[in-house]
Amino acid sequence: MIQPTLAWTILILLSIFWILLGVYLGRNAKTLEAYALCNRNVGLAFGAATAVATWITSNTTLLAPQFAIQLGIWGMIAYSTASFGLFLFAPLAERIQQILPHGFTSGDFIHSRYGKPTWALFMIISLFYALTWLISMAMAGGILLETIAGIPYITGMSIILFTCVVYTLFGGMKAVVGTDFVQSVIILLGVFIIGYVLVRNFSLETTFQHVNETRPALLWILFPASIMAIFNNLMFGIGEIFHSNVWWSRAFAIRKGLGKLSYGLAGLFWISVPISAGFIALSSGLLDVNITTPDMVGPLVVVALMGKVGAVLVFVVVFCSLASSIDSLLAATSDLLANDIYKKWLVPQATDGMVRRMMSYTTLGLGLATWVVCSFRLSTLAEVLFFAGPMVGSIIWPVLAGLYWKRANATGAFVSILGGSVVGLIAYFQIGWFVASLVGTIVSMVLMIAFTQFSRSEFDWDQLAAAESLGGKS
Amino acid sequence: MMTFPLIFWQILVVGSLGLTALTILVLLTLFVIEFKNGSLW
């Protein structure tokens with residue numbers, strides 16, 4: 001698809017560029033607050049861009065065209081619903097900033113709000129999700145570079161992972177947020193240029209008529225299964241964002257008062273990407289593209305349309321999509337390990353300096369562990385991420401209730417996370433992946449509402465603000 | 001002849017590409033404004 005020499009040159013130049021940029025941006029991040037949360041002072045441009053870039057994974061740029069070619073217009077629209085997670089998190093981000101002014105992680109909130117047993121259950125699910133997402137992204141990187149550029153899997157995977165680990169390690173959150181901004185602009189520009197060139201070459205009417213004649217079902221298709229898939233993906237996406245420290249750490253890092261606007265804008269910015277990246281697949285018939293594997297339909301159409309320039313664009317967009325998600329996961333997960341496992345559990349007397357150093361070690365350790373697991377190239381591993389669907393779905397309501405309902409209590413949160421996860425996983429194996437998150441979310445919702453309804457305790461919100469936290473003044 | 005599905009298809013694609021272009025402009029404008037104000041981070 002792209003000449004190996006050209007691919008190697010771009011790969012090396014991009015890697016060096018991200019490392020230099022990240023290390024430069026994070027050069028002054030010496031304290032824990034600066035390194036982990038950019039001194040809680042991220043503005044609107046970086047705040048919105050980092051959320052958009054993190055949520056645009058390699059799946060968004062490659063799976064959206066696949067959805068379009070398999071499920072038609074509704075496939076692209078279904079994928080776009082993943083932006084609802086960002087929209088719905090916007091008011092939560094504001095609430096989080098208000099009630100947890102010194103908070104560091106999503107674990108901080110669960111611990112202070114619901115106590116240790118619920119926190120332990122939450123941490124197991126959260127770390128499982130974060131690690132499987134990280135591993136699946138690094139694996140996807142290796143596989144994609146091999147498919148697009150012929151770069152051996154182990155080499156491509158190692159270079160992407162090494163690049164992200166180095167700049168996250170030395171620059172912390174500042175490096176992640178700064179590079180995310182540049183990466184988001186590159187991804188959006190690449191997607192727009194490709195779409196624009198396509199529309200200039202084939203009018204929308206021509207593409208529509210061709211699809212209407214050859215595969216009319218793609219234009220108006222709505223199977224019951226795809227409706228279920230839409231709701232299931234929606235719940236999975238909301239669950240991912242509501243619980244994960246990737247999004248909570250950004251809520252803490254964004255300047256007070258800008259959380260809601262940053263996430264709202266991010267949702268608006270993201271919603272068009274799956275459609276802009278997906279609709280090109282419907283032109284594959286006009287270009288006589290021979291689709292060998294459905295997930296490669298996007299790159300194949302672009303190369304058929306734009307030749308070498310198109311191949312370079314695809315390569316750069318895919319690289320940026322991968323890096324912008326891997327770096328965020330590394331930073332947020334090392335934050336969670338250092339703050340919640342090391343400080344809260346293992347060494348409660350640890351100083352800010354010790355936690356700051358521990359974050360560096362955990363970033364490095366995470367990178368190494370991910371590399372070791374990825375080197376085995378277990379193809380079934382990516383599917384493990386889907387197990388997380390019902391589990392993260394079952395955290396949506398405990399998080400929501402914990403943020404807004406005074407009467408939400410620890411027992412209710414624990415039972416609803418556990419109950420939702422168990423029943424959701426049973427649905428996964430007994431019915432299918434397309435209902436698991438939905439079932440998990442509904443079961444946990446019913447349990448959470450029931451326990452809150454019968455609860456007599458009332459939580460004092462000031463307890464959260466006063467809770468001792470890393471770097472906090474209390 | 002312009003049918004509803006065709007109009008829907010055109011609105012969907014043009015709207016998405018337009019929103020993508022607008023996003024780039026908004027992000028860059030915000031960056032310039034905040035950079036000048038010294039409020040990027």
# chains A, B, ... in the order shown; residues from 1 in each chain; ligands from 1

$ interface_residues --of "chain B" --to "chain A" --cutoff "6 Å" --atoms "only C-alpha atoms" --output "PyMOL selection string"
chain B and resi 16-17+23+27+30-31+40-41

$ select_by_dssp --residues "chain B" --states "alpha helix (DSSP H)" --output "VMD selection string"
chain B and resid 4 to 37

$ atom_distance --atom1 "atom CA of Gly171 of chain A" --atom2 "atom CA of Val23 of chain A"
4.9 Å

$ atom_distance --atom1 "atom CA of Ala90 of chain A" --atom2 "atom CA of Ser106 of chain A"
15.2 Å

$ residues_around --residues "Thr370 of chain A" --least-positions-apart "3" --cutoff "10 Å" --atoms "only C-alpha atoms" --output "compact mmCIF listing (two decimals) with N, CA, C and O atoms, in the first residue's frame"
# COMPACT_ATOMS: atom_id res chain seq x y z
N LEU A 131 -5.93 -1.79 31.02
CA LEU A 131 -4.84 -2.62 30.49
C LEU A 131 -5.23 -3.30 29.19
O LEU A 131 -4.42 -3.36 28.25
N THR A 132 -6.46 -3.82 29.12
CA THR A 132 -6.85 -4.49 27.87
C THR A 132 -6.96 -3.48 26.72
O THR A 132 -6.60 -3.78 25.59
N LEU A 134 -5.18 -0.70 26.47
CA LEU A 134 -3.80 -0.34 26.13
C LEU A 134 -3.15 -1.43 25.27
O LEU A 134 -2.54 -1.14 24.22
N ILE A 135 -3.32 -2.67 25.69
CA ILE A 135 -2.71 -3.78 24.95
C ILE A 135 -3.34 -3.89 23.55
O ILE A 135 -2.63 -4.06 22.55
N SER A 136 -4.66 -3.76 23.48
CA SER A 136 -5.31 -3.91 22.16
C SER A 136 -4.91 -2.77 21.22
O SER A 136 -4.77 -2.97 20.02
N MET A 137 -4.68 -1.56 21.77
CA MET A 137 -4.24 -0.44 20.93
C MET A 137 -2.82 -0.66 20.41
O MET A 137 -2.53 -0.40 19.24
N ALA A 138 -1.93 -1.12 21.29
CA ALA A 138 -0.55 -1.35 20.86
C ALA A 138 -0.49 -2.48 19.83
O ALA A 138 0.25 -2.40 18.84
N MET A 139 -1.31 -3.51 20.06
CA MET A 139 -1.36 -4.61 19.08
C MET A 139 -1.90 -4.12 17.74
O MET A 139 -1.37 -4.46 16.67
N SER A 158 6.64 -2.04 18.60
CA SER A 158 7.67 -1.56 19.54
C SER A 158 7.92 -0.07 19.34
O SER A 158 8.05 0.68 20.32
N LEU A 161 4.91 2.06 20.68
CA LEU A 161 4.86 2.00 22.14
C LEU A 161 6.03 2.78 22.75
O LEU A 161 5.85 3.57 23.69
N LEU A 364 6.79 3.52 32.90
CA LEU A 364 7.80 2.64 32.30
C LEU A 364 7.38 1.18 32.41
O LEU A 364 7.46 0.41 31.44
N GLY A 365 6.91 0.80 33.59
CA GLY A 365 6.49 -0.58 33.83
C GLY A 365 5.31 -0.97 32.95
O GLY A 365 5.29 -2.07 32.39
N LEU A 366 4.36 -0.05 32.83
CA LEU A 366 3.20 -0.33 31.97
C LEU A 366 3.63 -0.54 30.53
O LEU A 366 3.14 -1.45 29.85
N GLY A 367 4.55 0.32 30.07
CA GLY A 367 5.06 0.20 28.70
C GLY A 367 5.71 -1.15 28.48
O GLY A 367 5.45 -1.84 27.49
N VAL A 373 3.32 -8.50 26.61
CA VAL A 373 2.06 -9.17 26.25
C VAL A 373 1.83 -9.08 24.74
O VAL A 373 1.46 -10.06 24.09
N CYS A 374 2.08 -7.89 24.18
CA CYS A 374 1.83 -7.69 22.75
C CYS A 374 2.76 -8.53 21.88
O CYS A 374 2.42 -8.89 20.76
N SER A 375 3.95 -8.81 22.39
CA SER A 375 4.92 -9.54 21.58
C SER A 375 4.43 -10.96 21.26
O SER A 375 4.88 -11.58 20.32

$ atom_distance --atom1 "atom CA of Leu20 of chain A" --atom2 "atom CA of Leu22 of chain B"
29.0 Å

$ residues_around --residues "Val392 of chain A" --least-positions-apart "3" --cutoff "9 Å" --atoms "only C-alpha atoms" --output "PyMOL selection string"
chain A and resi 125-126+129+235-244+388-389+395-396+417+421+437+440-441

$ residues_around --residues "Ala7 of chain A" --least-positions-apart "5" --cutoff "9 Å" --atoms "only C-alpha atoms" --output "tab-separated table (two decimals) with N, CA and C atoms, in the first residue's frame"
chain	number	residue	atom	x	y	z
A	2	ILE	N	1.93	1.26	0.79
A	2	ILE	CA	2.89	2.37	0.81
A	2	ILE	C	4.29	1.78	0.74
A	12	ILE	N	9.88	7.06	11.36
A	12	ILE	CA	11.00	7.55	12.19
A	12	ILE	C	10.88	9.06	12.43
A	145	LEU	N	0.55	-1.20	10.99
A	145	LEU	CA	1.77	-0.82	10.29
A	145	LEU	C	2.25	-1.95	9.38
A	148	ILE	N	-0.43	-1.88	6.36
A	148	ILE	CA	-0.37	-0.71	5.48
A	148	ILE	C	1.01	-0.54	4.86
A	149	ALA	N	2.06	-0.81	5.64
A	149	ALA	CA	3.41	-0.47	5.16
A	149	ALA	C	4.38	-1.64	5.06
A	150	GLY	N	3.94	-2.81	5.47
A	150	GLY	CA	4.83	-3.97	5.40
A	150	GLY	C	5.91	-3.96	6.48
A	151	ILE	N	5.78	-3.09	7.47
A	151	ILE	CA	6.75	-3.07	8.58
A	151	ILE	C	6.43	-4.25	9.50
A	312	VAL	N	0.22	7.99	2.14
A	312	VAL	CA	0.94	8.74	3.19
A	312	VAL	C	-0.07	9.33	4.19
A	315	PHE	N	-1.42	6.64	6.47
A	315	PHE	CA	-0.37	6.22	7.40
A	315	PHE	C	-0.24	7.21	8.56
